[in-house]
Each structure stands twice: as structure tokens, then as C-alpha cells.
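Student: What follows is run-v3.txt; its format and atoms are compact mmCIF, C-alpha atoms.
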# COMPACT_ATOMS: atom_id res chain seq x y z
CA MET I 30 56.54 -86.79 132.81
CA THR I 31 55.30 -88.84 135.76
CA ILE I 32 58.76 -90.30 136.33
CA LEU I 33 60.28 -86.81 136.25
CA PHE I 34 57.70 -85.57 138.75
CA LEU I 35 58.36 -88.47 141.12
CA ILE I 36 62.13 -88.01 140.97
CA THR I 37 61.76 -84.28 141.60
CA ALA I 38 59.36 -84.86 144.49
CA VAL I 39 61.72 -87.33 146.14
CA VAL I 40 64.65 -84.92 145.71
CA ILE I 41 62.64 -82.01 147.18
CA LEU I 42 61.32 -83.93 150.18
CA ALA I 43 64.65 -85.64 150.96
CA SER I 44 66.48 -82.31 150.75
CA ALA I 45 63.85 -80.69 152.97
CA VAL I 46 64.27 -83.42 155.59
CA MET I 47 68.02 -82.89 155.48
CA VAL I 48 67.51 -79.11 155.88
CA VAL I 49 65.60 -79.56 159.13
CA SER I 50 67.73 -82.41 160.50
CA SER I 51 71.30 -81.55 159.52
CA ARG I 52 73.47 -80.55 162.49
CA ASN I 53 75.91 -78.50 160.42
CA LEU I 54 74.16 -75.32 159.29
CA VAL I 55 76.29 -74.87 156.18
CA HIS I 56 75.17 -78.33 155.08
CA ALA I 57 71.56 -77.38 155.86
CA ALA I 58 71.88 -74.27 153.67
CA LEU I 59 73.33 -76.34 150.81
CA TRP I 60 70.48 -78.87 151.14
CA LEU I 61 68.10 -75.90 150.95
CA VAL I 62 69.69 -75.01 147.59
CA SER I 63 68.95 -78.54 146.38
CA ALA I 64 65.30 -78.31 147.52
CA LEU I 65 64.89 -74.91 145.86
CA PHE I 66 66.34 -76.28 142.63
CA GLY I 67 63.77 -79.09 142.69
CA VAL I 68 61.01 -76.52 143.10
CA ALA I 69 62.39 -74.68 140.04
CA VAL I 70 62.12 -77.95 138.07
CA LEU I 71 58.47 -78.21 139.15
CA TYR I 72 57.81 -74.68 137.87
CA ALA I 73 59.32 -75.61 134.52
CA MET I 74 57.09 -78.71 134.39
CA LEU I 75 54.06 -76.49 135.06
CA ASN I 76 54.85 -74.32 131.99
CA ALA I 77 55.93 -71.43 134.22
CA GLY I 78 59.39 -70.93 132.75
CA PHE I 79 59.74 -67.37 134.02
CA MET I 80 59.01 -68.55 137.57
CA ALA I 81 61.71 -71.22 137.23
CA VAL I 82 64.29 -68.63 136.19
CA VAL I 83 63.22 -66.23 138.96
CA GLN I 84 63.42 -69.09 141.47
CA VAL I 85 67.00 -69.87 140.48
CA VAL I 86 68.09 -66.22 140.38
CA ILE I 87 66.37 -64.92 143.53
CA TYR I 88 66.08 -67.92 145.81
CA ILE I 89 69.26 -69.79 144.96
CA GLY I 90 71.31 -66.82 143.84
CA ALA I 91 70.37 -64.36 146.57
CA ILE I 92 68.50 -65.88 149.49
CA ALA I 93 70.50 -69.11 149.89
CA ILE I 94 73.80 -67.22 149.57
CA LEU I 95 72.56 -64.75 152.20
CA PHE I 96 71.89 -67.70 154.50
CA ILE I 97 75.39 -69.04 154.01
CA PHE I 98 76.82 -65.59 154.81
CA ALA I 99 74.69 -65.39 157.95
CA VAL I 100 75.82 -68.84 159.09
CA MET I 101 79.44 -67.83 158.63
CA LEU I 102 78.96 -64.50 160.45
CA THR I 103 77.26 -66.01 163.49
CA ARG I 104 79.62 -68.87 164.23
CA ARG I 105 83.08 -69.04 165.71
CA GLU I 106 83.52 -72.67 164.82
CA MET I 107 81.35 -74.15 162.07
CA ARG I 108 79.77 -76.87 164.18
CA ASP I 109 76.78 -76.60 166.46
CA THR I 110 77.48 -77.29 170.09
CA GLY I 111 74.74 -79.25 171.77
CA PRO I 112 71.77 -80.87 170.07
CA GLY I 113 70.29 -79.35 166.94
CA LEU I 114 66.72 -79.93 168.06
CA ASN I 115 64.66 -78.88 171.04
CA PRO I 116 64.34 -81.34 173.94
CA ASN I 117 60.60 -81.57 173.20
CA TRP I 118 61.04 -81.88 169.43
CA TRP I 119 58.52 -84.74 169.34
CA VAL I 120 55.71 -82.27 170.06
CA SER I 121 56.76 -80.41 166.90
CA ALA I 122 56.79 -83.70 164.99
CA VAL I 123 53.26 -84.50 166.16
CA VAL I 124 52.05 -80.99 165.26
CA SER I 125 53.54 -81.12 161.78
CA LEU I 126 52.19 -84.63 161.14
CA LEU I 127 48.74 -83.45 162.26
CA THR I 128 49.05 -80.47 159.91
CA PHE I 129 49.91 -82.75 157.01
CA GLY I 130 47.05 -85.13 157.87
CA GLY I 131 44.57 -82.29 158.19
CA LEU I 132 45.64 -80.72 154.90
CA ALA I 133 45.45 -84.09 153.10
CA TYR I 134 42.01 -84.76 154.59
CA LEU I 135 40.72 -81.33 153.58
CA LEU I 136 42.12 -81.68 150.07
CA SER I 137 40.73 -85.18 149.55
CA ASN I 138 37.23 -83.87 150.27
CA TRP I 139 37.58 -81.14 147.65
CA SER I 140 35.84 -81.83 144.33
CA GLY I 141 38.69 -80.53 142.14
CA PHE I 142 41.29 -82.72 143.84
CA SER I 143 42.13 -85.08 140.99
CA GLN I 144 41.55 -82.54 138.25
CA THR I 145 43.80 -82.69 135.20
CA SER I 146 45.34 -79.56 133.81
CA ALA I 147 43.46 -77.01 131.74
CA ASP I 148 44.61 -76.61 128.15
CA LEU I 149 46.95 -73.77 127.39
CA PRO I 150 45.54 -71.78 124.45
CA SER I 151 47.78 -72.23 121.44
CA GLY I 152 50.22 -69.36 121.03
CA PHE I 153 49.49 -68.07 124.54
CA ASP I 154 52.33 -65.85 125.73
CA ALA I 155 52.39 -66.44 129.50
CA VAL I 156 55.35 -64.15 130.18
CA GLY I 157 53.79 -61.31 128.21
CA ALA I 158 50.47 -61.80 129.98
CA LEU I 159 52.28 -61.77 133.33
CA GLY I 160 54.02 -58.51 132.44
CA ASP I 161 50.72 -56.97 131.36
CA ALA I 162 49.05 -58.11 134.57
CA LEU I 163 51.82 -56.61 136.71
CA ILE I 164 51.64 -53.10 135.24
CA SER I 165 48.05 -52.78 134.08
CA PRO I 166 45.94 -50.46 136.29
CA ASP I 167 42.91 -52.76 136.17
CA ALA I 168 44.98 -55.78 137.23
CA TYR I 169 47.76 -55.93 139.80
CA VAL I 170 49.77 -52.72 139.61
CA LEU I 171 48.88 -51.70 143.16
CA PRO I 172 49.93 -54.98 144.90
CA PHE I 173 53.10 -54.94 142.78
CA GLU I 174 54.02 -51.42 143.89
CA VAL I 175 53.17 -52.23 147.51
CA ALA I 176 55.49 -55.25 147.32
CA SER I 177 58.32 -53.11 145.95
CA ILE I 178 57.87 -50.49 148.71
CA LEU I 179 57.84 -53.29 151.29
CA LEU I 180 61.11 -54.63 149.87
CA VAL I 181 62.80 -51.21 149.97
CA ALA I 182 61.61 -50.55 153.53
CA ALA I 183 62.71 -54.01 154.68
CA LEU I 184 66.17 -53.62 153.15
CA VAL I 185 66.67 -50.18 154.71
CA GLY I 186 65.57 -51.63 158.04
CA ALA I 187 67.92 -54.60 157.62
CA VAL I 188 70.90 -52.30 156.96
CA TYR I 189 69.99 -50.22 160.00
CA ILE I 190 69.60 -53.26 162.29
CA ALA I 191 72.78 -54.99 161.16
CA PHE I 192 74.84 -51.78 161.28
CA ASN I 193 77.59 -51.90 163.90
CA PRO I 194 78.07 -48.51 165.59
CA GLN I 195 81.45 -49.51 167.04
CA ASN I 196 83.00 -49.94 163.62
CA GLY I 197 81.35 -47.00 161.85
CA ASP I 198 82.83 -43.71 163.07
CA ASN I 199 80.87 -41.54 160.67
CA HIS I 200 77.53 -42.72 161.99
CA GLU I 201 75.47 -39.77 163.33
CA MET T 22 49.29 -86.07 132.67
CA ILE T 23 49.85 -85.55 136.38
CA PRO T 24 46.70 -84.78 138.37
CA LEU T 25 46.57 -81.65 140.50
CA SER T 26 46.43 -83.72 143.68
CA TRP T 27 50.07 -84.79 143.40
CA TYR T 28 51.28 -81.21 143.46
CA LEU T 29 48.98 -80.39 146.39
CA ILE T 30 50.14 -83.38 148.44
CA LEU T 31 53.81 -82.62 147.69
CA SER T 32 53.28 -79.04 148.75
CA ALA T 33 51.48 -80.08 151.95
CA ALA T 34 54.36 -82.43 152.81
CA LEU T 35 56.95 -79.70 152.15
CA PHE T 36 54.95 -77.28 154.31
CA SER T 37 54.82 -79.80 157.17
CA ILE T 38 58.55 -80.43 157.00
CA GLY T 39 59.17 -76.69 157.09
CA LEU T 40 56.80 -76.36 160.05
CA PHE T 41 58.72 -79.06 161.90
CA GLY T 42 61.95 -77.18 161.23
CA VAL T 43 60.49 -73.92 162.54
CA LEU T 44 59.15 -75.53 165.71
CA ALA T 45 61.96 -77.94 166.55
CA ARG T 46 65.28 -76.32 165.61
CA ARG T 47 67.26 -74.47 168.26
CA ASN T 48 69.37 -72.27 166.00
CA ALA T 49 67.68 -69.06 164.81
CA VAL T 50 69.17 -69.34 161.30
CA ALA T 51 67.79 -72.89 161.00
CA ILE T 52 64.35 -71.58 161.98
CA LEU T 53 64.54 -69.13 159.07
CA LEU T 54 65.51 -72.03 156.76
CA GLY T 55 62.26 -73.76 157.80
CA VAL T 56 60.29 -70.60 156.97
CA GLU T 57 61.83 -70.64 153.49
CA LEU T 58 60.63 -74.22 152.94
CA MET T 59 57.09 -73.22 153.97
CA LEU T 60 57.08 -70.23 151.57
CA ASN T 61 58.22 -72.52 148.74
CA ALA T 62 55.35 -74.91 149.47
CA VAL T 63 52.94 -71.98 149.12
CA ASN T 64 54.53 -71.02 145.82
CA ILE T 65 54.15 -74.54 144.42
CA ASN T 66 50.46 -74.37 145.29
CA LEU T 67 49.99 -70.99 143.63
CA VAL T 68 51.70 -71.99 140.38
CA ALA T 69 49.90 -75.38 140.27
CA PHE T 70 46.50 -73.72 140.73
CA TRP T 71 47.36 -71.18 138.02
CA ARG T 72 48.24 -73.96 135.56
CA TYR T 73 45.41 -76.34 136.39
CA LEU T 74 42.43 -74.03 136.93
CA ASP T 75 42.70 -71.03 134.63
CA PRO T 76 46.03 -70.43 132.85
CA VAL T 77 44.76 -67.32 131.03
CA GLN T 78 44.26 -65.44 134.31
CA MET T 79 47.74 -64.61 135.61
CA THR T 80 46.67 -64.28 139.26
CA GLY T 81 48.66 -67.25 140.52
CA GLN T 82 51.93 -66.12 138.98
CA VAL T 83 51.45 -62.52 140.14
CA PHE T 84 51.00 -63.66 143.72
CA THR T 85 54.02 -65.95 143.38
CA ILE T 86 56.08 -62.87 142.45
CA ILE T 87 54.71 -61.06 145.52
CA VAL T 88 55.62 -64.04 147.73
CA PHE T 89 59.17 -63.88 146.28
CA ALA T 90 59.42 -60.22 147.28
CA VAL T 91 58.03 -60.89 150.77
CA ALA T 92 60.43 -63.83 151.22
CA ALA T 93 63.41 -61.69 150.25
CA ALA T 94 62.31 -58.98 152.70
CA GLU T 95 61.75 -61.54 155.46
CA VAL T 96 65.17 -63.11 154.98
CA ALA T 97 66.94 -59.75 154.92
CA VAL T 98 65.30 -58.49 158.11
CA GLY T 99 65.50 -61.87 159.85
CA LEU T 100 69.18 -62.38 159.17
CA ALA T 101 69.94 -58.78 160.16
CA LEU T 102 68.20 -59.42 163.48
CA VAL T 103 70.15 -62.66 163.95
CA ILE T 104 73.46 -60.91 163.27
CA SER T 105 72.54 -58.08 165.63
CA VAL T 106 71.55 -60.54 168.37
CA TYR T 107 74.76 -62.50 167.85
CA ARG T 108 76.81 -59.31 168.20
CA ASN T 109 75.16 -58.46 171.52
CA ARG T 110 74.67 -61.89 173.08
CA LYS T 111 77.27 -64.10 171.33
CA THR T 112 74.66 -66.78 170.69
CA VAL T 113 71.95 -67.49 168.13
CA VAL T 114 70.33 -70.38 170.00
CA ALA T 115 66.68 -69.48 170.46
CA ASP T 116 66.46 -71.12 173.91
CA GLU T 117 69.15 -68.83 175.33
CA LEU T 118 67.57 -65.59 174.10
CA ASP T 119 65.27 -65.19 177.05
CA MET T 120 65.86 -61.60 178.22
CA MET T 121 62.16 -60.82 177.77
CA LYS T 122 61.04 -63.87 179.73
CA TRP T 123 59.63 -63.18 183.18
What is this structure when it is put down as C-alpha cells?

Tutor:
Amino acid sequence: MTILFLITAVVILASAVMVVSSRNLVHAALWLVSALFGVAVLYAMLNAGFMAVVQVVIYIGAIAILFIFAVMLTRREMRDTGPGLNPNWWVSAVVSLLTFGGLAYLLSNWSGFSQTSADLPSGFDAVGALGDALISPDAYVLPFEVASILLVAALVGAVYIAFNPQNGDNHE
Amino acid sequence: MIPLSWYLILSAALFSIGLFGVLARRNAVAILLGVELMLNAVNINLVAFWRYLDPVQMTGQVFTIIVFAVAAAEVAVGLALVISVYRNRKTVVADELDMMKW
């Protein structure tokens, strides 16, 4: 279990570094797929099988493919011209290292930091409980519906923004 | 059994790498890739807290689902904006999109 966690962590972090440092954006998107797959493995290790499946279907199946489409639509030739990073990228590096240090410091002062996992009750149906929680009025039905309305509104807005009036004659 | 701290440190490291990508990359699509890494770090935290603190309460997983929906919405709108900007300006480099700069 520990070995599996360490391998997954190394894969996730190495892929994430490649995502932010790769010059070729198609390669960066493919490294993002690898990082997302590692996160799905972590969900499976945390007994959240449904989350692992949703991660693969939504993140890898939809979002990463959308990124690859966007890279191909916004590029004449596939390679970046000029540097991939800002001229003052080292300021960003300092800020992100400070963020990591601050988070690690805060977490190490927290009493539950090295806590081991709570026991799952035997025969506990996590997926069923999640479904109940999502539609039960005294749990999370309202945030769930708000999220679905947000998604519909965002997708309608995305279609409107990306619509090209020059190519669509029947617009208006 | 793996202590909770390992997941938290991994997620903090992933968040910092994503933050570096958002701040340092020049290409707008690459900035959105960094945002995705940060959202995944948040999701790891939520699921780890659900599993380690109180697995009978489904709060962590419910909020992970909501983060999935928000991430999908963010990517759709963000990439639509990038495509629209590319159509008008023929570039997606964030440094060159300075029409609103004094």
C-alpha cells in the first residue's frame, strides 16, 4: 500500500512538473492526462471507487480532450514560438515555494496531521450513501441543483462566446 | 496504513506546482492547465478528509462532485474565451493581450 502510494505520488508530481514546463502544449495536455490518472488511482486507494470512475470519465474523457482540441484550434504550427515561461518566472517559483512551505507549516501544527484512517463500517455502501446525500432534501440537494444550473449556464455561455458570426449565416 | 499527512503534503505540492504554472506560463491554454492541477489538489484533500475523518458523512464526496462540475464549467468557458480571443487577435499569449492596459 505504501509502495503503491509512493509510486503514484511520484507519477503525479513528475507529470505535474512536465505539465507546467513542457514547451509543446499537446505534450503538456498529455502529461495532464497522466497526472489525472494518478489522482484517480489515489481515489481508488481511498475507497472512493465512484470518484475514481468519475475522474477518468469526466476529467480524462472530457476535460483533457477539450484541452487538446483547444490547443489544436489555437495554433497554426504545433510549436510555441518564443519561451514558454514569463521573463520573471522566478518570482512565480518563489511564490509557489512559499505557498508550499506555508501550507506544510500550517499542516504540521495541526493536531490531526498524522492521523490514521477511520474504520469503514462493515457493509457500508458508500455509493448508495452518496446518492442519498445528493438527492435528500435535508442533505445536499440544493448545492447539487445549483451546480447543475451553473453547468448549464456556463455551457450556454461557452457556445455563445465561441460562436463565429462570420461562418453562421442563420445567426440572428 | 498511510497517515493522512502524506495525502495532505502531496496535495499541497500539487497545488504549488499548479500555482507556478498559472503564474509563470505565457500561453493562455497552459494557464488553464495549471488551474486544473490546482482543482485536482483540492479534490485529493476533500476525498482524503472524507476517508480519514468521518466516512459515514458523505460531505467530502459531495463537494468533490461539485468541484468536478465547477471545473467542467470553468474549462468550457475558459477555452471558449481563448478560442474567441485567438479568432480576433491571432494570438493566445497572455503578454500580448494588453488592449485593456493603459

Student: Could you tell me how far CA of Val113 (chain T) lies from CA of Ile97 (chain I), in Å and to one decimal?

Tutor: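 Between these atoms lies a distance of 14.6 Å.
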
Student: With all atoms listed in the file as the atoms that count, which of T:Ala93, T:Arg110, T:Asp119, T:Asn66 lies nearest to chain I?

Tutor: T:Ala93

Student: CA of Phe41 (chain T) to CA of Ser125 (chain I): how many Å, to one decimal?

Tutor: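 The value is 5.6 Å.
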
Student: Against chain T, which residues of chain I fall within 6 Å? For each one I want the closest pair of atoms and the distance in Å (one decimal), counting all atoms listed in the file, rows by chain and increasing residue number, as a tab-separated table.

Tutor:
residue	atom	partner	partner_atom	distance
I:Val49	CA	T:Gly42	CA	4.8
I:Gly113	CA	T:Arg47	CA	5.9
I:Leu114	CA	T:Arg46	CA	4.6
I:Asn115	CA	T:Ala45	CA	5.3
I:Trp118	CA	T:Ala45	CA	5.0
I:Ser121	CA	T:Phe41	CA	5.5
I:Ala122	CA	T:Phe41	CA	5.9
I:Ser125	CA	T:Ser37	CA	5.0
I:Phe129	CA	T:Ser37	CA	5.7
I:Phe142	CA	T:Ser26	CA	5.2
I:Ser143	CA	T:Ser26	CA	5.3
I:Gln144	CA	T:Leu25	CA	5.6
I:Thr145	CA	T:Pro24	CA	4.8
I:Ser146	CA	T:Tyr73	CA	4.1
I:Ala147	CA	T:Tyr73	CA	5.1
I:Leu159	CA	T:Met79	CA	5.8
I:Leu180	CA	T:Ala94	CA	5.3
I:Ala183	CA	T:Ala94	CA	5.4
I:Ala187	CA	T:Val98	CA	4.7
I:Ile190	CA	T:Ala101	CA	5.9
I:Ala191	CA	T:Ala101	CA	4.8

Student: Can I get the selected residues back with C-alpha atoms, as a PDB file, in the coordinates of the input?

Tutor:
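As written to disk, selection.pdb reads:
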ATOM      1  CA  VAL I  49      65.600 -79.560 159.130  1.00  0.00           C
ATOM      2  CA  GLY I 113      70.290 -79.350 166.940  1.00  0.00           C
ATOM      3  CA  LEU I 114      66.720 -79.930 168.060  1.00  0.00           C
ATOM      4  CA  ASN I 115      64.660 -78.880 171.040  1.00  0.00           C
ATOM      5  CA  TRP I 118      61.040 -81.880 169.430  1.00  0.00           C
ATOM      6  CA  SER I 121      56.760 -80.410 166.900  1.00  0.00           C
ATOM      7  CA  ALA I 122      56.790 -83.700 164.990  1.00  0.00           C
ATOM      8  CA  SER I 125      53.540 -81.120 161.780  1.00  0.00           C
ATOM      9  CA  PHE I 129      49.910 -82.750 157.010  1.00  0.00           C
ATOM     10  CA  PHE I 142      41.290 -82.720 143.840  1.00  0.00           C
ATOM     11  CA  SER I 143      42.130 -85.080 140.990  1.00  0.00           C
ATOM     12  CA  GLN I 144      41.550 -82.540 138.250  1.00  0.00           C
ATOM     13  CA  THR I 145      43.800 -82.690 135.200  1.00  0.00           C
ATOM     14  CA  SER I 146      45.340 -79.560 133.810  1.00  0.00           C
ATOM     15  CA  ALA I 147      43.460 -77.010 131.740  1.00  0.00           C
ATOM     16  CA  LEU I 159      52.280 -61.770 133.330  1.00  0.00           C
ATOM     17  CA  LEU I 180      61.110 -54.630 149.870  1.00  0.00           C
ATOM     18  CA  ALA I 183      62.710 -54.010 154.680  1.00  0.00           C
ATOM     19  CA  ALA I 187      67.920 -54.600 157.620  1.00  0.00           C
ATOM     20  CA  ILE I 190      69.600 -53.260 162.290  1.00  0.00           C
ATOM     21  CA  ALA I 191      72.780 -54.990 161.160  1.00  0.00           C
TER      22      ALA I 191
END

Student: Which residue is closest to Val39 (chain I)? Choose from I:Leu171, I:Leu54, I:Ala64, I:Ala182 and count only C-alpha atoms.

Tutor: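 Among the listed residues, I:Ala64 lies closest to Val39 (chain I).
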
Student: Quick one: pull the distance between CA of Ser44 (chain I) and CA of Thr128 (chain I), Å, one decimal.

Tutor: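 Taking CA of Ser44 (chain I) as the start and CA of Thr128 (chain I) as the end point, the length is 19.8 Å.
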
Student: Go through I:Leu127, I:Val170, I:Val55, I:Val48 and flag the residue nearest Thr103 (chain I), using only C-alpha atoms for the distances.

Tutor: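 Closest to Thr103 (chain I), using only C-alpha atoms: I:Val55.
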
Student: Take every atom of region 132-149 of chain I listed in the file, fit an axis-aligned box around them, add 8 Å per side, and give the centre and edge lengths in Å to one decimal as lines of an AutoDock Vina configuration file.

Tutor:
center_x = 41.4
center_y = -79.5
center_z = 141.1
size_x = 27.1
size_y = 27.4
size_z = 43.5

Student: My list of candidates is I:Phe79, I:Val120, I:Ile87, I:Ala58. Which is closest to Gly160 (chain I) when distances are computed with only C-alpha atoms?

Tutor: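 That would be I:Phe79, the residue with the smallest distance to Gly160 (chain I).
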
Student: Please provide the set of residues having any atom within 8 Å of Val85 (chain I), restricted to all atoms listed in the file, with same-chain residues fewer than 6 positions apart removed, written as a PyMOL selection string.

Tutor: chain I and resi 65-66+69

Student: Using C-alpha atoms, can you export the residues from the last selection as a PDB file, keeping the file's coordinate frame?

Tutor:
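Resulting contents of out.pdb:
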ATOM      1  CA  LEU I  65      64.890 -74.910 145.860  1.00  0.00           C
ATOM      2  CA  PHE I  66      66.340 -76.280 142.630  1.00  0.00           C
ATOM      3  CA  ALA I  69      62.390 -74.680 140.040  1.00  0.00           C
TER       4      ALA I  69
END
